[in-house]
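final_29.cif, holding mmCIF, N, CA and C atoms:
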data_input
loop_
_atom_site.label_atom_id
_atom_site.label_comp_id
_atom_site.auth_asym_id
_atom_site.auth_seq_id
_atom_site.Cartn_x
_atom_site.Cartn_y
_atom_site.Cartn_z
N MET A 1 129.83 89.95 84.18
CA MET A 1 130.77 89.71 83.11
C MET A 1 132.16 90.07 83.60
N GLY A 2 133.14 89.29 83.29
CA GLY A 2 134.52 89.51 83.74
C GLY A 2 135.27 90.47 82.86
N LYS A 3 136.58 90.44 83.00
CA LYS A 3 137.43 91.33 82.22
C LYS A 3 137.87 90.63 80.95
N ASP A 4 138.01 91.39 79.90
CA ASP A 4 138.43 90.87 78.61
C ASP A 4 139.46 91.82 78.02
N PRO A 5 140.76 91.57 78.25
CA PRO A 5 141.78 92.51 77.81
C PRO A 5 141.80 92.72 76.31
N GLY A 6 141.34 91.76 75.54
CA GLY A 6 141.36 91.92 74.09
C GLY A 6 140.32 92.90 73.58
N LEU A 7 139.24 93.07 74.31
CA LEU A 7 138.17 93.92 73.82
C LEU A 7 138.01 95.22 74.58
N SER A 8 138.41 95.26 75.82
CA SER A 8 138.14 96.46 76.60
C SER A 8 139.39 97.04 77.25
N GLY A 9 140.57 96.64 76.82
CA GLY A 9 141.80 97.17 77.37
C GLY A 9 142.01 96.82 78.83
N GLY A 10 141.47 95.68 79.29
CA GLY A 10 141.64 95.26 80.66
C GLY A 10 140.62 95.87 81.62
N LYS A 11 139.74 96.71 81.12
CA LYS A 11 138.73 97.33 81.97
C LYS A 11 137.46 96.51 81.93
N SER A 12 136.58 96.73 82.88
CA SER A 12 135.31 96.02 82.90
C SER A 12 134.51 96.36 81.66
N VAL A 13 133.83 95.38 81.13
CA VAL A 13 132.97 95.59 79.97
C VAL A 13 131.70 96.28 80.46
N PRO A 14 131.28 97.38 79.80
CA PRO A 14 130.08 98.07 80.25
C PRO A 14 128.85 97.20 80.11
N GLN A 15 127.94 97.34 81.04
CA GLN A 15 126.68 96.61 80.99
C GLN A 15 125.59 97.57 80.54
N GLY A 16 124.67 97.08 79.72
CA GLY A 16 123.59 97.92 79.24
C GLY A 16 122.43 97.97 80.21
N GLU A 17 121.87 99.17 80.37
CA GLU A 17 120.68 99.36 81.18
C GLU A 17 119.53 99.78 80.27
N ARG A 18 118.33 99.47 80.68
CA ARG A 18 117.14 99.86 79.94
C ARG A 18 116.96 101.37 80.02
N MET A 19 116.47 101.97 78.95
CA MET A 19 116.13 103.39 78.97
C MET A 19 114.83 103.53 79.76
N TRP A 20 114.90 104.24 80.89
CA TRP A 20 113.79 104.23 81.83
C TRP A 20 113.92 105.41 82.78
N CYS A 21 112.81 106.04 83.13
CA CYS A 21 112.80 107.07 84.16
C CYS A 21 112.31 106.43 85.45
N SER A 22 113.21 106.29 86.42
CA SER A 22 112.83 105.66 87.68
C SER A 22 111.90 106.55 88.50
N ARG A 23 112.00 107.85 88.35
CA ARG A 23 111.13 108.76 89.08
C ARG A 23 109.66 108.61 88.63
N CYS A 24 109.45 108.47 87.31
CA CYS A 24 108.09 108.32 86.77
C CYS A 24 107.70 106.86 86.59
N ALA A 25 108.67 105.95 86.76
CA ALA A 25 108.46 104.51 86.53
C ALA A 25 107.86 104.27 85.15
N SER A 26 108.50 104.90 84.13
CA SER A 26 107.97 104.81 82.77
C SER A 26 109.08 105.11 81.76
N ASP A 27 108.85 104.67 80.54
CA ASP A 27 109.72 105.08 79.43
C ASP A 27 108.91 105.85 78.40
N GLU A 28 107.71 106.25 78.78
CA GLU A 28 106.76 106.89 77.86
C GLU A 28 107.16 108.30 77.43
N HIS A 29 107.84 109.07 78.29
CA HIS A 29 108.11 110.47 77.99
C HIS A 29 109.60 110.76 77.78
N LEU A 30 110.36 109.77 77.36
CA LEU A 30 111.80 109.96 77.20
C LEU A 30 112.12 110.71 75.91
N VAL A 31 113.04 111.66 76.01
CA VAL A 31 113.47 112.46 74.87
C VAL A 31 114.96 112.24 74.70
N LEU A 32 115.38 111.68 73.57
CA LEU A 32 116.80 111.41 73.29
C LEU A 32 117.56 112.70 73.04
N HIS A 33 118.82 112.75 73.52
CA HIS A 33 119.68 113.89 73.27
C HIS A 33 120.95 113.50 72.53
N SER A 34 121.57 112.37 72.91
CA SER A 34 122.78 111.95 72.19
C SER A 34 122.94 110.45 72.26
N ILE A 35 123.58 109.93 71.21
CA ILE A 35 123.87 108.50 71.10
C ILE A 35 125.30 108.38 70.60
N GLU A 36 126.15 107.72 71.36
CA GLU A 36 127.55 107.54 70.99
C GLU A 36 127.90 106.06 71.00
N SER A 37 128.76 105.65 70.08
CA SER A 37 129.17 104.25 70.05
C SER A 37 130.09 103.95 71.23
N VAL A 38 130.15 102.68 71.60
CA VAL A 38 130.99 102.20 72.69
C VAL A 38 132.00 101.24 72.07
N ARG A 39 133.22 101.23 72.61
CA ARG A 39 134.25 100.31 72.09
C ARG A 39 133.73 98.88 72.01
N ALA A 40 134.38 98.07 71.23
CA ALA A 40 133.98 96.67 71.04
C ALA A 40 133.83 95.94 72.37
N HIS A 41 132.86 95.05 72.43
CA HIS A 41 132.58 94.28 73.64
C HIS A 41 131.83 93.01 73.25
N THR A 42 131.62 92.16 74.22
CA THR A 42 131.01 90.87 73.92
C THR A 42 129.56 90.74 74.39
N VAL A 43 128.97 91.81 74.90
CA VAL A 43 127.63 91.72 75.47
C VAL A 43 126.56 92.23 74.51
N GLY A 44 126.82 92.26 73.22
CA GLY A 44 125.87 92.79 72.25
C GLY A 44 126.21 94.24 71.97
N LEU A 45 125.53 94.82 71.02
CA LEU A 45 125.80 96.19 70.61
C LEU A 45 125.28 97.18 71.65
N LEU A 46 126.21 97.89 72.30
CA LEU A 46 125.86 98.89 73.31
C LEU A 46 126.20 100.28 72.78
N VAL A 47 125.44 101.26 73.25
CA VAL A 47 125.73 102.65 72.96
C VAL A 47 125.64 103.44 74.26
N ALA A 48 126.35 104.56 74.31
CA ALA A 48 126.21 105.50 75.42
C ALA A 48 125.11 106.45 75.02
N VAL A 49 124.08 106.53 75.84
CA VAL A 49 122.91 107.33 75.49
C VAL A 49 122.67 108.38 76.56
N SER A 50 122.21 109.55 76.13
CA SER A 50 121.83 110.62 77.04
C SER A 50 120.41 111.02 76.67
N TYR A 51 119.56 111.13 77.68
CA TYR A 51 118.16 111.46 77.42
C TYR A 51 117.55 112.11 78.65
N SER A 52 116.37 112.66 78.48
CA SER A 52 115.66 113.26 79.60
C SER A 52 114.22 112.78 79.60
N CYS A 53 113.56 113.00 80.71
CA CYS A 53 112.14 112.67 80.83
C CYS A 53 111.37 113.97 80.71
N ALA A 54 110.54 114.08 79.69
CA ALA A 54 109.77 115.30 79.46
C ALA A 54 108.70 115.50 80.53
N ASP A 55 108.36 114.46 81.26
CA ASP A 55 107.33 114.56 82.28
C ASP A 55 107.86 115.16 83.58
N CYS A 56 109.01 114.65 84.07
CA CYS A 56 109.52 115.11 85.37
C CYS A 56 110.81 115.92 85.27
N GLY A 57 111.46 115.93 84.10
CA GLY A 57 112.68 116.71 83.92
C GLY A 57 113.96 115.99 84.27
N SER A 58 113.90 114.73 84.66
CA SER A 58 115.12 113.97 84.98
C SER A 58 116.00 113.87 83.75
N VAL A 59 117.31 113.96 83.95
CA VAL A 59 118.29 113.79 82.87
C VAL A 59 119.10 112.55 83.20
N LEU A 60 119.22 111.65 82.23
CA LEU A 60 119.91 110.38 82.46
C LEU A 60 120.95 110.13 81.38
N SER A 61 121.98 109.39 81.73
CA SER A 61 123.04 109.05 80.80
C SER A 61 123.65 107.72 81.25
N HIS A 62 123.71 106.75 80.35
CA HIS A 62 124.29 105.44 80.67
C HIS A 62 124.45 104.63 79.39
N PHE A 63 124.99 103.43 79.53
CA PHE A 63 125.09 102.50 78.42
C PHE A 63 123.76 101.77 78.28
N THR A 64 123.36 101.53 77.05
CA THR A 64 122.12 100.81 76.80
C THR A 64 122.27 99.98 75.53
N PRO A 65 121.55 98.86 75.43
CA PRO A 65 121.59 98.10 74.18
C PRO A 65 121.07 98.96 73.02
N PHE A 66 121.72 98.89 71.88
CA PHE A 66 121.32 99.72 70.75
C PHE A 66 119.87 99.43 70.34
N ARG A 67 119.40 98.20 70.56
CA ARG A 67 118.02 97.88 70.17
C ARG A 67 117.02 98.77 70.89
N GLU A 68 117.33 99.23 72.12
CA GLU A 68 116.46 100.15 72.86
C GLU A 68 116.36 101.48 72.12
N VAL A 69 117.51 101.99 71.69
CA VAL A 69 117.55 103.26 70.99
C VAL A 69 116.88 103.12 69.62
N ALA A 70 117.16 102.02 68.94
CA ALA A 70 116.56 101.79 67.62
C ALA A 70 115.04 101.76 67.71
N ALA A 71 114.51 101.18 68.77
CA ALA A 71 113.06 101.14 68.94
C ALA A 71 112.49 102.55 69.06
N LYS A 72 113.18 103.43 69.79
CA LYS A 72 112.74 104.82 69.90
C LYS A 72 112.85 105.55 68.56
N LEU A 73 113.98 105.33 67.86
CA LEU A 73 114.17 106.00 66.58
C LEU A 73 113.17 105.52 65.53
N ASN A 74 112.83 104.24 65.56
CA ASN A 74 111.91 103.69 64.57
C ASN A 74 110.48 104.19 64.74
N THR A 75 110.09 104.55 65.94
CA THR A 75 108.72 105.04 66.15
C THR A 75 108.60 106.54 65.95
N LYS A 76 109.72 107.25 65.98
CA LYS A 76 109.77 108.71 65.91
C LYS A 76 109.01 109.36 67.06
N ALA A 77 108.57 108.57 68.04
CA ALA A 77 107.91 109.13 69.21
C ALA A 77 108.96 109.73 70.13
N ASN A 78 108.67 110.87 70.70
CA ASN A 78 109.55 111.54 71.64
C ASN A 78 110.93 111.87 71.07
N LEU A 79 110.98 112.21 69.78
CA LEU A 79 112.23 112.62 69.15
C LEU A 79 112.20 114.14 68.97
N GLU A 80 111.93 114.85 70.06
CA GLU A 80 111.85 116.30 70.01
C GLU A 80 113.24 116.90 69.94
N GLY A 81 113.34 118.04 69.33
CA GLY A 81 114.59 118.79 69.36
C GLY A 81 115.71 118.14 68.58
N LEU A 82 116.91 118.44 69.03
CA LEU A 82 118.12 118.04 68.35
C LEU A 82 118.73 116.82 69.01
N ILE A 83 119.14 115.84 68.21
CA ILE A 83 119.78 114.63 68.72
C ILE A 83 121.14 114.49 68.05
N LEU A 84 122.17 114.31 68.84
CA LEU A 84 123.50 114.02 68.32
C LEU A 84 123.65 112.51 68.26
N PHE A 85 123.85 111.96 67.07
CA PHE A 85 123.95 110.52 66.87
C PHE A 85 125.32 110.26 66.26
N GLY A 86 126.32 109.97 67.11
CA GLY A 86 127.69 109.83 66.63
C GLY A 86 128.17 111.18 66.14
N ASP A 87 128.49 111.29 64.85
CA ASP A 87 128.91 112.55 64.24
C ASP A 87 127.77 113.22 63.48
N SER A 88 126.58 112.67 63.54
CA SER A 88 125.44 113.20 62.79
C SER A 88 124.43 113.85 63.73
N TYR A 89 123.68 114.78 63.18
CA TYR A 89 122.63 115.45 63.93
C TYR A 89 121.28 115.10 63.32
N LEU A 90 120.31 114.83 64.20
CA LEU A 90 118.95 114.56 63.77
C LEU A 90 118.05 115.65 64.34
N HIS A 91 117.07 116.06 63.56
CA HIS A 91 116.05 116.99 64.04
C HIS A 91 114.74 116.55 63.42
N CYS A 92 113.68 116.60 64.17
CA CYS A 92 112.37 116.08 63.73
C CYS A 92 112.47 114.60 63.37
N GLY A 93 113.45 113.90 63.98
CA GLY A 93 113.64 112.48 63.75
C GLY A 93 114.32 112.15 62.43
N GLU A 94 114.79 113.16 61.70
CA GLU A 94 115.43 112.95 60.40
C GLU A 94 116.85 113.52 60.42
N PRO A 95 117.77 112.93 59.61
CA PRO A 95 119.12 113.50 59.52
C PRO A 95 119.08 114.91 58.93
N MET A 96 119.88 115.80 59.47
CA MET A 96 119.95 117.17 58.96
C MET A 96 120.86 117.22 57.74
N ALA A 97 120.53 118.09 56.79
CA ALA A 97 121.30 118.23 55.55
C ALA A 97 122.31 119.36 55.69
N THR A 98 123.49 119.18 55.08
CA THR A 98 124.53 120.20 55.10
C THR A 98 124.25 121.24 54.02
N ILE A 99 124.33 122.50 54.42
CA ILE A 99 124.22 123.62 53.48
C ILE A 99 125.66 124.06 53.22
N PRO A 100 125.98 124.58 52.02
CA PRO A 100 127.37 124.96 51.74
C PRO A 100 127.99 125.81 52.84
N ILE A 101 129.30 125.64 53.03
CA ILE A 101 130.04 126.34 54.10
C ILE A 101 129.90 127.85 53.93
N GLU A 102 129.68 128.51 55.05
CA GLU A 102 129.57 129.95 55.07
C GLU A 102 130.69 130.52 55.92
N VAL A 103 131.06 131.74 55.64
CA VAL A 103 132.05 132.43 56.47
C VAL A 103 131.31 133.53 57.20
N ARG A 104 131.38 133.52 58.50
CA ARG A 104 130.76 134.54 59.33
C ARG A 104 131.82 135.60 59.64
N ARG A 105 131.42 136.84 59.57
CA ARG A 105 132.33 137.93 59.85
C ARG A 105 131.84 138.68 61.08
N SER A 106 132.76 139.00 61.95
CA SER A 106 132.41 139.70 63.17
C SER A 106 133.47 140.77 63.43
N ILE A 107 133.02 141.91 63.86
CA ILE A 107 133.94 142.98 64.24
C ILE A 107 133.92 143.03 65.77
N THR A 108 135.08 143.02 66.35
CA THR A 108 135.19 143.09 67.81
C THR A 108 136.27 144.10 68.18
N ALA A 109 136.17 144.65 69.37
CA ALA A 109 137.14 145.64 69.83
C ALA A 109 138.06 145.03 70.87
N LYS A 110 139.34 145.37 70.74
CA LYS A 110 140.35 144.89 71.71
C LYS A 110 141.06 146.11 72.28
N PRO A 111 141.14 146.19 73.62
CA PRO A 111 141.84 147.34 74.21
C PRO A 111 143.34 147.27 73.94
N VAL A 112 143.94 148.44 73.73
CA VAL A 112 145.39 148.53 73.55
C VAL A 112 146.00 148.62 74.94
N PRO A 113 146.95 147.71 75.29
CA PRO A 113 147.54 147.74 76.63
C PRO A 113 148.19 149.09 76.94
N GLY A 114 147.88 149.62 78.13
CA GLY A 114 148.47 150.89 78.59
C GLY A 114 147.84 152.10 77.95
N SER A 115 146.66 151.94 77.35
CA SER A 115 146.01 153.05 76.66
C SER A 115 144.50 152.92 76.79
N ASP A 116 143.80 154.01 76.52
CA ASP A 116 142.34 153.97 76.50
C ASP A 116 141.80 153.66 75.11
N GLU A 117 142.68 153.43 74.17
CA GLU A 117 142.29 153.17 72.78
C GLU A 117 141.78 151.75 72.61
N LEU A 118 140.94 151.58 71.59
CA LEU A 118 140.45 150.26 71.19
C LEU A 118 140.87 150.01 69.76
N VAL A 119 141.28 148.81 69.48
CA VAL A 119 141.62 148.40 68.12
C VAL A 119 140.50 147.49 67.63
N LEU A 120 139.99 147.78 66.43
CA LEU A 120 138.94 146.93 65.86
C LEU A 120 139.57 145.74 65.16
N LEU A 121 139.07 144.55 65.47
CA LEU A 121 139.56 143.32 64.86
C LEU A 121 138.48 142.73 63.97
N ASP A 122 138.87 142.29 62.80
CA ASP A 122 137.96 141.63 61.87
C ASP A 122 138.15 140.13 62.02
N VAL A 123 137.17 139.45 62.55
CA VAL A 123 137.27 138.02 62.80
C VAL A 123 136.40 137.28 61.78
N ARG A 124 136.98 136.31 61.10
CA ARG A 124 136.23 135.51 60.12
C ARG A 124 136.28 134.05 60.55
N LEU A 125 135.12 133.43 60.61
CA LEU A 125 135.01 132.04 61.05
C LEU A 125 134.36 131.20 59.96
N GLY A 126 135.00 130.09 59.62
CA GLY A 126 134.37 129.14 58.71
C GLY A 126 133.38 128.31 59.49
N THR A 127 132.19 128.14 58.96
CA THR A 127 131.17 127.37 59.66
C THR A 127 130.53 126.35 58.73
N LYS A 128 129.97 125.33 59.34
CA LYS A 128 129.17 124.33 58.63
C LYS A 128 127.74 124.54 59.10
N VAL A 129 126.82 124.69 58.17
CA VAL A 129 125.43 124.91 58.53
C VAL A 129 124.62 123.67 58.15
N LEU A 130 123.89 123.16 59.14
CA LEU A 130 123.00 122.02 58.93
C LEU A 130 121.57 122.51 59.00
N GLN A 131 120.71 121.92 58.15
CA GLN A 131 119.31 122.33 58.15
C GLN A 131 118.40 121.12 58.20
N CYS A 132 117.35 121.22 59.02
CA CYS A 132 116.32 120.19 59.07
C CYS A 132 115.43 120.37 57.85
N LEU A 133 115.30 119.33 57.04
CA LEU A 133 114.50 119.42 55.82
C LEU A 133 113.00 119.43 56.12
N SER A 134 112.61 118.98 57.32
CA SER A 134 111.20 118.95 57.68
C SER A 134 110.68 120.31 58.12
N CYS A 135 111.44 120.99 59.00
CA CYS A 135 110.92 122.24 59.59
C CYS A 135 111.76 123.47 59.29
N GLY A 136 112.98 123.29 58.73
CA GLY A 136 113.82 124.43 58.41
C GLY A 136 114.77 124.86 59.52
N PHE A 137 114.73 124.21 60.69
CA PHE A 137 115.64 124.53 61.79
C PHE A 137 117.08 124.46 61.29
N ARG A 138 117.91 125.42 61.68
CA ARG A 138 119.31 125.45 61.27
C ARG A 138 120.23 125.40 62.47
N LEU A 139 121.36 124.72 62.29
CA LEU A 139 122.40 124.60 63.30
C LEU A 139 123.71 124.99 62.64
N GLU A 140 124.44 125.91 63.27
CA GLU A 140 125.71 126.36 62.74
C GLU A 140 126.83 125.82 63.62
N LEU A 141 127.78 125.13 63.00
CA LEU A 141 128.91 124.53 63.72
C LEU A 141 130.22 125.05 63.14
N PRO A 142 131.25 125.22 63.98
CA PRO A 142 132.56 125.62 63.44
C PRO A 142 133.13 124.49 62.58
N VAL A 143 133.86 124.90 61.56
CA VAL A 143 134.48 123.90 60.68
C VAL A 143 135.77 123.41 61.28
#
Could you show the structure in this file as structure tokens?
Amino acid sequence: MGKDPGLSGGKSVPQGERMWCSRCASDEHLVLHSIESVRAHTVGLLVAVSYSCADCGSVLSHFTPFREVAAKLNTKANLEGLILFGDSYLHCGEPMATIPIEVRRSITAKPVPGSDELVLLDVRLGTKVLQCLSCGFRLELPV
């Protein structure tokens, strides 16, 4: 495929590769980790995908046709752990639900320059907590 300045800013249009572990010569044990959208292009809907092979431990990342990822998501096979899908998180193959914002409080010590004294600092962080409705797994993210 050639260059298309209107769709890719003059850069080569990414080509999609099949989700596959070349070491195991299989796609049977692939575990998705992240799926990100790719800028507009003319070769069909592509996504940047990151995944690993649970059998041999290979970690792979490349562009792939979205239909490949959709096939994995539709079967719920090999959807272990946490998957980042754009701005959303999936766990147990389901979208995680937002729990009301919490404020975490932490006390930390900071040395006073030129002295042996420590000053205690009260640090408060706003966080967003996501929970898997299937298993209860929680993920805390900064707001």
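For the file at hand, the PyMOL selection byres ((chain A and resi 15-30) around 5) resolves to A:Val13, A:Pro14, A:Val31, A:Leu32, A:Ser52, A:Cys53, A:Ala54, A:Phe63, A:Thr64, A:Pro65.
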Legend entry - Reference answer for the PyMOL selection byres ((chain A and resi 60) around 8), as a ChimeraX atom specification: /A:20,49-53,57-59,61-62
Legend entry - Point-to-point distance in Å for CA of Leu125 in chain A and CA of Gly93 in chain A: 29.1 Å
Legend entry - Answer as a list in words, residues within 6.5 Å of (124.6, 124.4, 53.7) using only N, CA and C atoms: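 Applying the cut-off with only N, CA and C atoms, one gets Ala97, Thr98, Ile99, Pro100, Ile101, Lys128, Val129, Leu130 and Gln131 of chain A.
Listed by chain and then by number, the residues chosen by the PyMOL selection byres ((chain A and resi 119) around 7) in this file are Thr108, Ala109, Lys110, Pro111, Val112, Glu117, Leu118, Leu120 and Leu121 of chain A.
CA of Ser134 in chain A sits 26.3 Å away from CA of Ser37 in chain A.
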Inset, instruction - Mind giving me the straight-line distance from CA of Tyr89 in chain A to CA of Ala70 in chain A in Å, one decimal? - result: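 Spanning CA of Tyr89 in chain A to CA of Ala70 in chain A is a straight-line distance of 15.4 Å.
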Taking every listed atom of range 17-25 of chain A and adding 3 Å to each side, what centre and edge lengths in Å (one decimal) does the axis-aligned box have, as JSON?
{"center_x": 114.8, "center_y": 104.0, "center_z": 84.0, "size_x": 20.2, "size_y": 15.6, "size_z": 16.1}
Inset, instruction - Starting from the point (131.4, 126.3, 59.6), work out which residues of protein, DNA or RNA have an atom no more than 5 Å away when counting only N, CA and C atoms; state them as an MDAnalysis selection string. - result: chainID A and resid 126:128 141:143
Inset, instruction - Would you please extract all helix (DSSP H, G or I) residues from range 15-116 of chain A, as assigned by DSSP on the backbone, and give them as a ChimeraX atom specification? - result: /A:66-75
Legend entry - Who sits within 7 Å of Leu82 in chain A, only C-alpha atoms, same chain under 5 positions skipped, as a list in words: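 Answer for this query is His33, Tyr89, Leu90 and His91 of chain A.
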If you keep N, CA and C atoms, can you produce a file of those selected residues as a PDB file, in the frame of the given file?
ATOM      1  N   HIS A  33     118.820 112.750  73.520  1.00  0.00           N
ATOM      2  CA  HIS A  33     119.680 113.890  73.270  1.00  0.00           C
ATOM      3  C   HIS A  33     120.950 113.500  72.530  1.00  0.00           C
ATOM      4  N   TYR A  89     123.680 114.780  63.180  1.00  0.00           N
ATOM      5  CA  TYR A  89     122.630 115.450  63.930  1.00  0.00           C
ATOM      6  C   TYR A  89     121.280 115.100  63.320  1.00  0.00           C
ATOM      7  N   LEU A  90     120.310 114.830  64.200  1.00  0.00           N
ATOM      8  CA  LEU A  90     118.950 114.560  63.770  1.00  0.00           C
ATOM      9  C   LEU A  90     118.050 115.650  64.340  1.00  0.00           C
ATOM     10  N   HIS A  91     117.070 116.060  63.560  1.00  0.00           N
ATOM     11  CA  HIS A  91     116.050 116.990  64.040  1.00  0.00           C
ATOM     12  C   HIS A  91     114.740 116.550  63.420  1.00  0.00           C
TER      13      HIS A  91
END
Inset, instruction - Have a look at A:Arg138, A:Leu133, A:Asp55, A:Arg67 and name the one nearest to Glu94 in chain A; count only N, CA and C atoms. - result: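 That would be A:Leu133, the residue with the smallest distance to Glu94 in chain A.
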Inset, instruction - Can you check which residues of range 62-139 of chain A DSSP gives as strand (DSSP E or B) on the backbone and send them as an MDAnalysis selection string? - result: chainID A and resid 62:65 82:85 88:91 94:95 97:111 118:131 138:139
